[in-house]
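Pasted below: work-v1.txt, compact mmCIF, C-alpha atoms.
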# COMPACT_ATOMS: atom_id res chain seq x y z
CA MET A 543 -1.95 31.65 -0.39
CA SER A 544 -3.63 28.26 -0.20
CA ILE A 545 -2.21 25.29 1.73
CA THR A 546 -1.57 23.51 -1.56
CA ALA A 547 0.33 26.50 -2.94
CA ILE A 548 2.45 26.70 0.21
CA ALA A 549 3.07 22.95 0.02
CA LYS A 550 4.10 23.27 -3.64
CA SER A 551 6.57 26.03 -2.81
CA ILE A 552 8.01 23.89 0.01
CA GLU A 553 8.60 21.10 -2.51
CA GLY A 554 10.63 23.57 -4.55
CA LEU A 555 13.21 24.08 -1.80
CA ALA A 556 16.66 22.78 -2.66
CA LEU A 557 16.60 20.49 0.40
CA ALA A 558 13.18 19.09 -0.57
CA ARG A 559 14.38 18.39 -4.10
CA PHE A 560 17.51 16.73 -2.70
CA VAL A 561 15.34 14.29 -0.68
CA ALA A 562 12.95 13.65 -3.58
CA GLN A 563 15.65 13.18 -6.21
CA GLY A 564 17.97 10.23 -6.57
CA PRO A 565 17.03 6.69 -5.70
CA TRP A 566 18.51 6.39 -2.19
CA VAL A 567 18.00 9.59 -0.21
CA PHE A 568 14.32 9.05 0.57
CA PRO A 569 14.66 5.35 1.54
CA THR A 570 17.62 6.21 3.78
CA VAL A 571 15.73 9.02 5.52
CA GLU A 572 12.71 6.73 5.83
CA THR A 573 14.82 3.97 7.42
CA ILE A 574 16.20 6.43 9.97
CA HIS A 575 12.62 7.57 10.66
CA VAL A 576 11.41 3.99 11.27
CA ILE A 577 14.33 3.12 13.58
CA ALA A 578 13.86 6.37 15.53
CA ILE A 579 10.09 5.93 15.90
CA ALA A 580 10.69 2.33 17.04
CA MET A 581 12.95 3.73 19.77
CA VAL A 582 10.36 6.39 20.70
CA VAL A 583 7.50 3.89 21.02
CA GLY A 584 9.57 1.16 22.68
CA SER A 585 11.09 3.51 25.27
CA ILE A 586 7.82 5.30 26.07
CA ALA A 587 6.20 1.88 26.54
CA VAL A 588 8.78 1.11 29.26
CA VAL A 589 7.55 4.13 31.28
CA ASP A 590 3.88 3.48 30.45
CA LEU A 591 4.12 -0.17 31.55
CA ARG A 592 5.77 0.94 34.80
CA LEU A 593 2.90 3.38 35.43
CA LEU A 594 0.37 0.65 34.64
CA GLY A 595 2.05 -1.62 37.18
CA VAL A 596 2.99 -4.21 34.55
CA SER A 597 6.80 -4.21 34.61
CA TRP A 598 9.74 -2.89 36.66
CA THR A 599 7.23 -2.32 39.48
CA ALA A 600 9.96 -2.73 42.13
CA ARG A 601 11.66 0.44 40.83
CA PRO A 602 10.67 4.06 41.59
CA VAL A 603 8.73 5.70 38.75
CA THR A 604 11.06 8.73 38.83
CA GLU A 605 14.17 6.57 38.30
CA VAL A 606 12.65 4.70 35.36
CA ALA A 607 11.50 8.00 33.81
CA GLU A 608 14.88 9.73 34.33
CA GLU A 609 16.81 6.83 32.83
CA VAL A 610 14.56 6.08 29.87
CA LEU A 611 13.02 9.39 28.75
CA PRO A 612 16.28 11.02 27.52
CA TRP A 613 16.46 8.20 24.95
CA THR A 614 12.85 8.92 24.01
CA TRP A 615 13.52 12.62 23.42
CA VAL A 616 16.66 12.12 21.37
CA SER A 617 14.87 9.47 19.28
CA PHE A 618 11.85 11.75 18.85
CA ALA A 619 14.08 14.59 17.62
CA VAL A 620 15.66 12.26 15.05
CA ALA A 621 12.24 10.92 13.98
CA ALA A 622 10.86 14.46 13.66
CA ILE A 623 13.80 15.69 11.57
CA ALA A 624 13.68 12.64 9.29
CA GLY A 625 9.89 12.94 9.08
CA GLY A 626 10.20 16.62 8.23
CA LEU A 627 12.59 15.82 5.39
CA MET A 628 10.16 13.22 4.03
CA PHE A 629 7.31 15.73 4.34
CA ILE A 630 8.98 18.55 2.42
CA SER A 631 9.95 16.17 -0.40
CA ALA A 632 6.26 15.70 -1.29
CA ALA A 633 4.45 18.24 0.89
CA SER A 634 1.45 18.69 -1.41
CA LYS A 635 0.69 14.94 -1.30
CA TYR A 636 1.02 14.72 2.47
CA VAL A 637 -1.10 17.75 3.41
CA THR A 638 -4.15 16.29 1.68
CA ASP A 639 -3.51 12.71 2.84
CA LEU A 640 -5.97 11.47 5.48
CA PRO A 641 -3.62 9.04 7.32
CA PHE A 642 -1.00 11.82 7.46
CA GLN A 643 -3.51 14.32 8.86
CA LEU A 644 -4.69 11.73 11.41
CA LYS A 645 -1.09 11.02 12.38
CA MET A 646 -0.43 14.71 13.07
CA LEU A 647 -3.66 14.92 15.12
CA LEU A 648 -2.63 11.84 17.13
CA LEU A 649 0.82 13.35 17.75
CA ALA A 650 -0.89 16.47 19.12
CA LEU A 651 -3.10 14.31 21.35
CA ALA A 652 -0.06 12.36 22.59
CA ALA A 653 1.66 15.66 23.38
CA ALA A 654 -1.41 17.03 25.21
CA ASN A 655 -1.70 13.82 27.22
CA MET A 656 1.98 14.04 28.14
CA LEU A 657 1.70 17.71 29.19
CA VAL A 658 -1.33 17.06 31.42
CA PHE A 659 0.43 14.08 32.99
CA HIS A 660 3.67 15.96 33.53
CA PHE A 661 2.23 19.19 34.94
CA VAL A 662 -0.73 17.76 36.89
CA THR A 663 -0.50 14.06 37.74
CA TYR A 664 3.29 13.83 38.04
CA ARG A 665 3.57 16.74 40.51
CA ASP A 666 2.89 14.51 43.52
CA VAL A 667 4.88 11.55 42.14
CA GLU A 668 6.88 11.32 45.38
CA VAL A 669 3.68 10.11 47.10
CA TRP A 670 3.22 7.14 44.74
CA ASN A 671 6.78 6.71 43.46
CA LEU A 672 7.01 3.15 44.79
CA GLY A 673 3.45 2.25 45.68
CA ARG A 674 0.40 1.82 43.51
CA THR A 675 0.14 4.44 40.80
CA PRO A 676 -2.98 6.63 40.93
CA ARG A 677 -5.79 6.13 38.44
CA ALA A 678 -4.93 9.36 36.60
CA ALA A 679 -1.40 8.10 35.94
CA LYS A 680 -2.70 4.76 34.68
CA VAL A 681 -5.16 6.51 32.37
CA ALA A 682 -2.34 8.70 31.02
CA ALA A 683 -0.15 5.63 30.46
CA GLY A 684 -2.94 3.73 28.69
CA LEU A 685 -3.72 6.75 26.49
CA SER A 686 -0.02 7.17 25.70
CA LEU A 687 0.27 3.55 24.55
CA ALA A 688 -2.93 3.86 22.49
CA PHE A 689 -1.89 7.15 20.85
CA TRP A 690 1.58 5.90 19.91
CA ILE A 691 0.27 2.61 18.52
CA ALA A 692 -2.17 4.68 16.45
CA VAL A 693 0.65 7.02 15.31
CA VAL A 694 2.64 4.02 14.03
CA THR A 695 -0.46 2.59 12.33
CA CYS A 696 -1.18 5.87 10.52
CA GLY A 697 2.50 6.20 9.64
CA ARG A 698 2.42 2.83 7.92
CA LEU A 699 -0.79 3.77 6.08
CA VAL A 700 0.71 7.07 4.85
CA SER A 701 3.06 5.21 2.53
CA PHE A 702 0.16 3.21 1.07
CA SER A 703 -2.00 6.25 0.38
CA THR A 704 0.85 8.43 -0.94
CA GLN A 705 2.31 5.58 -2.99
CA ASN A 706 4.71 6.57 -5.73
CA ALA A 707 5.06 9.95 -4.08
CA PHE A 708 8.61 8.88 -3.40
CA GLY A 709 11.13 6.14 -3.96
CA PRO A 710 13.39 5.63 -6.93
CA PRO A 711 12.21 8.04 -9.63
CA SER A 712 12.65 5.52 -12.40
CA ALA A 713 13.02 1.78 -12.69
CA SER A 714 16.25 2.16 -14.62
CA ALA A 715 18.00 4.13 -11.87
CA ALA A 716 17.62 1.37 -9.32
CA PRO A 717 17.27 -2.42 -9.28
CA ALA A 718 13.54 -1.88 -9.01
CA ALA A 719 11.07 0.92 -8.38
CA ALA A 720 9.32 1.26 -5.05
CA GLY A 721 6.49 -1.19 -4.76
CA VAL A 722 2.87 -0.25 -4.34
CA ASP A 723 3.27 -0.81 -0.63
CA GLY A 724 6.72 0.80 -0.44
CA MET B 724 14.17 -23.98 -5.83
CA LEU B 725 13.12 -20.72 -4.15
CA ALA B 726 11.28 -19.73 -7.32
CA ALA B 727 9.42 -23.05 -7.24
CA LEU B 728 8.53 -22.45 -3.59
CA CYS B 729 7.22 -18.99 -4.51
CA ALA B 730 5.16 -20.43 -7.36
CA TRP B 731 3.65 -23.00 -4.99
CA LEU B 732 3.02 -20.48 -2.20
CA GLU B 733 1.30 -18.07 -4.57
CA LYS B 734 -1.21 -20.77 -5.53
CA THR B 735 -2.18 -21.59 -1.94
CA PRO B 736 -5.62 -20.41 -0.76
CA LEU B 737 -3.92 -18.71 2.20
CA SER B 738 -1.81 -16.54 -0.11
CA ALA B 739 -4.89 -15.63 -2.12
CA ALA B 740 -6.77 -14.73 1.06
CA ILE B 741 -3.94 -12.48 2.28
CA GLN B 742 -3.91 -10.72 -1.11
CA ASP B 743 -7.68 -10.40 -1.38
CA ILE B 744 -8.42 -9.10 2.11
CA GLY B 745 -6.93 -5.65 1.72
CA TRP B 746 -6.26 -4.80 5.36
CA ILE B 747 -4.22 -7.93 6.20
CA ILE B 748 -0.93 -6.71 4.73
CA PRO B 749 -0.97 -3.16 6.20
CA ILE B 750 -2.07 -4.48 9.62
CA SER B 751 0.62 -7.18 9.56
CA GLN B 752 3.23 -4.55 8.65
CA THR B 753 2.02 -2.29 11.46
CA VAL B 754 2.16 -5.08 14.07
CA HIS B 755 5.59 -6.03 12.67
CA ILE B 756 6.83 -2.44 13.24
CA LEU B 757 5.31 -2.28 16.76
CA ALA B 758 7.08 -5.55 17.64
CA LEU B 759 10.26 -4.05 16.15
CA ALA B 760 9.83 -1.16 18.58
CA VAL B 761 9.92 -3.65 21.48
CA VAL B 762 12.90 -5.56 20.07
CA LEU B 763 15.01 -2.55 19.10
CA SER B 764 14.43 -0.48 22.26
CA SER B 765 15.00 -3.50 24.53
CA ILE B 766 18.18 -4.52 22.70
CA VAL B 767 19.51 -0.95 22.64
CA PHE B 768 18.92 -0.52 26.38
CA VAL B 769 20.72 -3.77 27.30
CA ASP B 770 23.59 -3.07 24.89
CA VAL B 771 24.18 0.55 25.91
CA ARG B 772 24.16 -0.55 29.57
CA LEU B 773 26.80 -3.19 28.81
CA LEU B 774 28.80 -0.53 26.95
CA GLY B 775 28.50 1.87 29.90
CA LEU B 776 26.35 4.44 28.06
CA GLY B 777 23.40 6.18 29.68
CA ALA B 778 22.57 7.11 33.30
CA TRP B 779 21.30 3.73 34.51
CA ARG B 780 21.03 2.94 38.22
CA VAL B 781 20.63 -0.81 37.66
CA SER B 782 23.30 -3.27 36.52
CA ALA B 783 23.53 -4.76 33.03
CA PRO B 784 22.34 -8.18 34.32
CA ALA B 785 19.29 -6.49 35.89
CA MET B 786 18.64 -4.69 32.58
CA ALA B 787 18.91 -8.00 30.72
CA ARG B 788 16.42 -9.66 33.08
CA ARG B 789 13.96 -6.82 32.45
CA PHE B 790 14.46 -6.42 28.69
CA LEU B 791 15.58 -9.68 27.07
CA PRO B 792 12.50 -11.87 27.78
CA PRO B 793 10.22 -9.39 25.89
CA VAL B 794 12.66 -9.53 22.95
CA TRP B 795 11.96 -13.25 22.40
CA PHE B 796 8.21 -12.67 22.60
CA ALA B 797 8.37 -9.75 20.15
CA VAL B 798 10.62 -11.74 17.77
CA ALA B 799 7.96 -14.49 17.76
CA VAL B 800 5.32 -11.86 16.85
CA MET B 801 7.60 -10.61 14.06
CA ALA B 802 8.05 -14.17 12.79
CA VAL B 803 4.28 -14.63 12.55
CA THR B 804 3.57 -11.25 10.92
CA GLY B 805 6.62 -11.68 8.68
CA ALA B 806 5.38 -15.11 7.59
CA ILE B 807 1.99 -13.61 6.68
CA LEU B 808 3.75 -11.00 4.51
CA ILE B 809 5.91 -13.68 2.85
CA ILE B 810 2.95 -15.97 2.12
CA GLY B 811 0.97 -13.04 0.72
CA GLU B 812 3.77 -11.84 -1.60
CA PRO B 813 6.42 -14.61 -1.71
CA ARG B 814 8.41 -13.16 -4.64
CA ARG B 815 8.69 -9.77 -2.95
CA ASP B 816 10.65 -11.39 -0.11
CA LEU B 817 12.07 -14.84 -0.80
CA LEU B 818 13.70 -13.86 -4.11
CA ASN B 819 14.86 -10.52 -2.74
CA PRO B 820 18.62 -10.28 -1.94
CA VAL B 821 17.90 -7.76 0.85
CA PHE B 822 15.46 -10.18 2.48
CA GLN B 823 18.00 -13.00 2.19
CA ILE B 824 20.68 -10.85 3.88
CA LYS B 825 18.13 -9.90 6.54
CA MET B 826 17.49 -13.57 7.36
CA LEU B 827 21.24 -14.29 7.66
CA LEU B 828 21.62 -11.27 9.95
CA LEU B 829 18.62 -12.47 11.97
CA VAL B 830 20.29 -15.81 12.65
CA ALA B 831 23.43 -13.95 13.80
CA ALA B 832 21.37 -11.58 15.96
CA LEU B 833 19.49 -14.40 17.66
CA VAL B 834 22.79 -16.19 18.40
CA VAL B 835 24.40 -13.03 19.80
CA THR B 836 21.33 -12.28 21.93
CA ALA B 837 21.23 -15.85 23.27
CA VAL B 838 24.97 -15.63 24.05
CA ILE B 839 24.42 -12.37 25.96
CA GLN B 840 21.51 -13.83 27.92
CA ALA B 841 23.35 -17.07 28.73
CA GLY B 842 26.59 -15.22 29.55
CA ILE B 843 24.79 -12.94 31.99
CA ALA B 844 23.12 -15.91 33.68
CA ALA B 845 26.37 -17.89 33.98
CA HIS B 846 28.93 -15.13 34.71
CA PRO B 847 27.12 -12.04 36.02
CA ARG B 848 30.37 -10.40 37.22
CA ALA B 849 31.99 -10.49 33.76
CA TRP B 850 28.73 -9.10 32.37
CA GLY B 851 28.56 -6.02 34.58
CA GLU B 852 27.27 -7.11 37.99
CA GLY B 853 28.91 -4.80 40.54
CA GLY B 854 31.20 -3.05 38.02
CA PRO B 855 31.83 -2.42 34.34
CA ALA B 856 31.36 -5.30 31.93
CA ALA B 857 34.48 -7.12 30.69
CA TRP B 858 35.64 -6.60 27.10
CA PRO B 859 34.05 -9.76 25.62
CA ALA B 860 30.70 -8.60 27.02
CA ARG B 861 31.21 -5.14 25.50
CA LEU B 862 32.19 -6.69 22.19
CA ALA B 863 29.01 -8.79 22.23
CA ALA B 864 26.96 -5.67 23.01
CA GLY B 865 28.51 -3.74 20.12
CA LEU B 866 27.96 -6.66 17.76
CA SER B 867 24.35 -7.03 18.93
CA LEU B 868 23.65 -3.30 18.31
CA ALA B 869 25.18 -3.43 14.83
CA VAL B 870 23.40 -6.60 13.75
CA TRP B 871 19.93 -5.65 15.04
CA LEU B 872 20.17 -2.17 13.47
CA ALA B 873 21.26 -3.74 10.18
CA ILE B 874 18.18 -6.00 10.33
CA ALA B 875 15.92 -2.97 10.70
CA VAL B 876 17.67 -1.26 7.76
CA CYS B 877 17.24 -4.36 5.57
CA GLY B 878 13.59 -4.58 6.60
CA ARG B 879 12.87 -1.13 5.20
CA PHE B 880 15.00 -1.61 2.09
CA ILE B 881 13.15 -4.79 1.04
CA ALA B 882 10.51 -2.47 -0.43
CA TYR B 883 13.13 -0.83 -2.67
CA PHE B 884 14.77 -3.99 -4.05
CA MET B 885 12.18 -6.13 -5.72
CA GLY B 886 13.54 -9.58 -6.56
Written form, structure tokens:
Amino acid sequence: MSITAIAKSIEGLALARFVAQGPWVFPTVETIHVIAIAMVVGSIAVVDLRLLGVSWTARPVTEVAEEVLPWTWVSFAVAAIAGGLMFISAASKYVTDLPFQLKMLLLALAAANMLVFHFVTYRDVEVWNLGRTPRAAKVAAGLSLAFWIAVVTCGRLVSFSTQNAFGPPSASAAPAAAGVDG
Amino acid sequence: MLAALCAWLEKTPLSAAIQDIGWIIPISQTVHILALAVVLSSIVFVDVRLLGLGAWRVSAPAMARRFLPPVWFAVAVMAVTGAILIIGEPRRDLLNPVFQIKMLLLVAALVVTAVIQAGIAAHPRAWGEGGPAAWPARLAAGLSLAVWLAIAVCGRFIAYFMG
């Protein structure tokens, strides 16, 4: 079975059709996705900027991470669920879309960067919890910021390149159809 | 009057340039969303601290000192990128009821945020220094959360309500 055939069968799921049909389900899911990703990026930046020695430098890294990262994870789960719903509603358009493919690659890179940081660099955090952060931690923080900014950029481009893949199905059902840059 | 403003804006060379150079609008939207990430996360962290939610080891006033200054900077970035989007496609925004509601909510949000910042500076005890925040502070936090989230919702729905 080809990727396109699998994607087409995903679009046939009742849940996928529910998201694709009707004028307001997709925009609502999309709004939740944007708010959740804003929380993911904004909260991760708080930890990254601490590691880079830019802000909250008087506070231990572990405290900042423990306080902020739960919000990141909850937001990421919401963003992933909302994103998944958007994906299944037009799976065949997304799988062949370059910005979407890049976005998934960047998410994988962000995850790999986080895993390396967590299981290697972060292990001796007690040594540099309050002092200067080691170079490896700063590199991880810089990469994290870069990857997430790139994820958001690709996310915005996805809706340009998959235009009319979603939104109100007809102009008569809603005040206006989704714009070309919906 | 707004329609006349749109007609004038559309004829400006700046509007034409924004339309013609294809990457300006998507890049402006992307920077707008990244600045939203700063605004929303900062506002949420200050407000949940005031409301007593989350496992924070620092007081609400300390949270406000860390998170509210970046909000004003990010709002300025959003004003610039938003203005670029308006000048490029004035009818899409200025004649759009969702955009108009968003601007009213923005005024309210800026007032509430300024009240929170000023309140914390003037009466840190009532705003959570050394104990839970008093009810007016919690009310302001709840209002701030609601209004800023509503702004984000309107921002996305502008694309689905063309004026």
_Neighbour list for range 725-731 of chain B as a VMD selection string, cut-off 9 Å, all atoms listed in the file, skip fewer than 5 positions in-chain_ = chain B and resid 810 812 to 814 817 to 818
*Separation of CA of Ala802 in chain B and CA of Val771 in chain B, in Å?*
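Going from CA of Ala802 in chain B over to CA of Val771 in chain B covers 25.5 Å.
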Return as CSV the residues of range 555-593 of chain A lying at most 12 Å from range 605-619 of chain A, together with the closest atom-to-atom pair for each and the distance in Å to one decimal, counting only C-alpha atoms, with rows in chain order and ascending residue number.
residue,atom,partner,partner_atom,distance
A:Ile574,CA,A:Ser617,CA,9.9
A:His575,CA,A:Ser617,CA,9.1
A:Val576,CA,A:Ser617,CA,10.3
A:Ile577,CA,A:Ser617,CA,8.6
A:Ala578,CA,A:Ser617,CA,5.0
A:Ile579,CA,A:Phe618,CA,6.8
A:Ala580,CA,A:Ser617,CA,8.6
A:Met581,CA,A:Ser617,CA,6.1
A:Val582,CA,A:Thr614,CA,4.9
A:Val583,CA,A:Thr614,CA,7.9
A:Gly584,CA,A:Thr614,CA,8.5
A:Ser585,CA,A:Thr614,CA,5.8
A:Ile586,CA,A:Thr614,CA,6.5
A:Ala587,CA,A:Val610,CA,9.9
A:Val588,CA,A:Val610,CA,7.6
A:Val589,CA,A:Ala607,CA,6.1
A:Asp590,CA,A:Ala607,CA,9.5
A:Leu591,CA,A:Val606,CA,10.5
A:Arg592,CA,A:Val606,CA,7.9
A:Leu593,CA,A:Val606,CA,9.8
Selected residues, C-alpha atoms, written as a CSV table (one decimal), keeping the file's coordinate frame, please.
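Generated output (result14.csv):
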chain,number,residue,atom,x,y,z
A,574,ILE,CA,16.2,6.4,10.0
A,575,HIS,CA,12.6,7.6,10.7
A,576,VAL,CA,11.4,4.0,11.3
A,577,ILE,CA,14.3,3.1,13.6
A,578,ALA,CA,13.9,6.4,15.5
A,579,ILE,CA,10.1,5.9,15.9
A,580,ALA,CA,10.7,2.3,17.0
A,581,MET,CA,13.0,3.7,19.8
A,582,VAL,CA,10.4,6.4,20.7
A,583,VAL,CA,7.5,3.9,21.0
A,584,GLY,CA,9.6,1.2,22.7
A,585,SER,CA,11.1,3.5,25.3
A,586,ILE,CA,7.8,5.3,26.1
A,587,ALA,CA,6.2,1.9,26.5
A,588,VAL,CA,8.8,1.1,29.3
A,589,VAL,CA,7.6,4.1,31.3
A,590,ASP,CA,3.9,3.5,30.4
A,591,LEU,CA,4.1,-0.2,31.6
A,592,ARG,CA,5.8,0.9,34.8
A,593,LEU,CA,2.9,3.4,35.4
Restrict the distance test to all atoms listed in the file, flag each residue of chain B within 8 Å of chain A, and return the flagged residues as a PDB file with C-alpha atoms, keeping the file's coordinate frame.
ATOM      1  CA  PRO B 749      -0.970  -3.160   6.200  1.00  0.00           C
ATOM      2  CA  ILE B 750      -2.070  -4.480   9.620  1.00  0.00           C
ATOM      3  CA  GLN B 752       3.230  -4.550   8.650  1.00  0.00           C
ATOM      4  CA  THR B 753       2.020  -2.290  11.460  1.00  0.00           C
ATOM      5  CA  ILE B 756       6.830  -2.440  13.240  1.00  0.00           C
ATOM      6  CA  LEU B 757       5.310  -2.280  16.760  1.00  0.00           C
ATOM      7  CA  LEU B 759      10.260  -4.050  16.150  1.00  0.00           C
ATOM      8  CA  ALA B 760       9.830  -1.160  18.580  1.00  0.00           C
ATOM      9  CA  VAL B 761       9.920  -3.650  21.480  1.00  0.00           C
ATOM     10  CA  VAL B 762      12.900  -5.560  20.070  1.00  0.00           C
ATOM     11  CA  LEU B 763      15.010  -2.550  19.100  1.00  0.00           C
ATOM     12  CA  SER B 764      14.430  -0.480  22.260  1.00  0.00           C
ATOM     13  CA  SER B 765      15.000  -3.500  24.530  1.00  0.00           C
ATOM     14  CA  GLY B 777      23.400   6.180  29.680  1.00  0.00           C
ATOM     15  CA  ALA B 778      22.570   7.110  33.300  1.00  0.00           C
ATOM     16  CA  TRP B 779      21.300   3.730  34.510  1.00  0.00           C
ATOM     17  CA  ARG B 780      21.030   2.940  38.220  1.00  0.00           C
ATOM     18  CA  ARG B 789      13.960  -6.820  32.450  1.00  0.00           C
ATOM     19  CA  LEU B 872      20.170  -2.170  13.470  1.00  0.00           C
ATOM     20  CA  ALA B 875      15.920  -2.970  10.700  1.00  0.00           C
ATOM     21  CA  VAL B 876      17.670  -1.260   7.760  1.00  0.00           C
ATOM     22  CA  ARG B 879      12.870  -1.130   5.200  1.00  0.00           C
ATOM     23  CA  PHE B 880      15.000  -1.610   2.090  1.00  0.00           C
ATOM     24  CA  ALA B 882      10.510  -2.470  -0.430  1.00  0.00           C
ATOM     25  CA  TYR B 883      13.130  -0.830  -2.670  1.00  0.00           C
ATOM     26  CA  PHE B 884      14.770  -3.990  -4.050  1.00  0.00           C
ATOM     27  CA  MET B 885      12.180  -6.130  -5.720  1.00  0.00           C
TER      28      MET B 885
END
*Pick from B:Ser782, B:Ser867, B:Ser751, B:Gln742, whichever lies nearest to Ile839 in chain B using only C-alpha atoms*: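 Checking each of B:Ser782, B:Ser867, B:Ser751, B:Gln742 against Ile839 in chain B, counting only C-alpha atoms, the winner is B:Ser867.
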*For Arg674 in chain A, which of A:Ile548, A:Leu647, A:Ala652, A:Val596 is the closest residue, counting only C-alpha atoms?*
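Closest residue, counting only C-alpha atoms: A:Val596.
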Should you be able to, write range 646-658 of chain A of this structure into a file that contains N, CA and C atoms, as an mmCIF file, in the first residue's frame.
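Final output, result01.cif:
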data_model
loop_
_atom_site.group_PDB
_atom_site.id
_atom_site.type_symbol
_atom_site.label_atom_id
_atom_site.label_comp_id
_atom_site.auth_asym_id
_atom_site.auth_seq_id
_atom_site.Cartn_x
_atom_site.Cartn_y
_atom_site.Cartn_z
ATOM 1 N N MET A 646 8.008 18.111 10.260
ATOM 2 C CA MET A 646 8.129 16.845 10.981
ATOM 3 C C MET A 646 9.605 16.502 11.237
ATOM 4 N N LEU A 647 10.451 16.790 10.222
ATOM 5 C CA LEU A 647 11.896 16.558 10.381
ATOM 6 C C LEU A 647 12.456 17.437 11.503
ATOM 7 N N LEU A 648 12.041 18.708 11.515
ATOM 8 C CA LEU A 648 12.519 19.637 12.544
ATOM 9 C C LEU A 648 12.045 19.226 13.933
ATOM 10 N N LEU A 649 10.817 18.680 14.022
ATOM 11 C CA LEU A 649 10.313 18.191 15.306
ATOM 12 C C LEU A 649 11.184 17.043 15.803
ATOM 13 N N ALA A 650 11.573 16.154 14.856
ATOM 14 C CA ALA A 650 12.438 15.023 15.216
ATOM 15 C C ALA A 650 13.805 15.534 15.688
ATOM 16 N N LEU A 651 14.330 16.549 15.011
ATOM 17 C CA LEU A 651 15.619 17.127 15.408
ATOM 18 C C LEU A 651 15.516 17.781 16.790
ATOM 19 N N ALA A 652 14.415 18.494 17.027
ATOM 20 C CA ALA A 652 14.208 19.125 18.336
ATOM 21 C C ALA A 652 14.147 18.059 19.425
ATOM 22 N N ALA A 653 13.485 16.939 19.123
ATOM 23 C CA ALA A 653 13.373 15.847 20.095
ATOM 24 C C ALA A 653 14.745 15.227 20.359
ATOM 25 N N ALA A 654 15.522 14.989 19.291
ATOM 26 C CA ALA A 654 16.856 14.401 19.439
ATOM 27 C C ALA A 654 17.754 15.312 20.267
ATOM 28 N N ASN A 655 17.695 16.600 19.983
ATOM 29 C CA ASN A 655 18.476 17.594 20.728
ATOM 30 C C ASN A 655 18.111 17.561 22.210
ATOM 31 N N MET A 656 16.794 17.459 22.476
ATOM 32 C CA MET A 656 16.323 17.432 23.856
ATOM 33 C C MET A 656 16.790 16.171 24.582
ATOM 34 N N LEU A 657 16.743 15.022 23.868
ATOM 35 C CA LEU A 657 17.154 13.751 24.485
ATOM 36 C C LEU A 657 18.644 13.765 24.824
ATOM 37 N N VAL A 658 19.460 14.251 23.882
ATOM 38 C CA VAL A 658 20.908 14.323 24.136
ATOM 39 C C VAL A 658 21.176 15.231 25.333
#
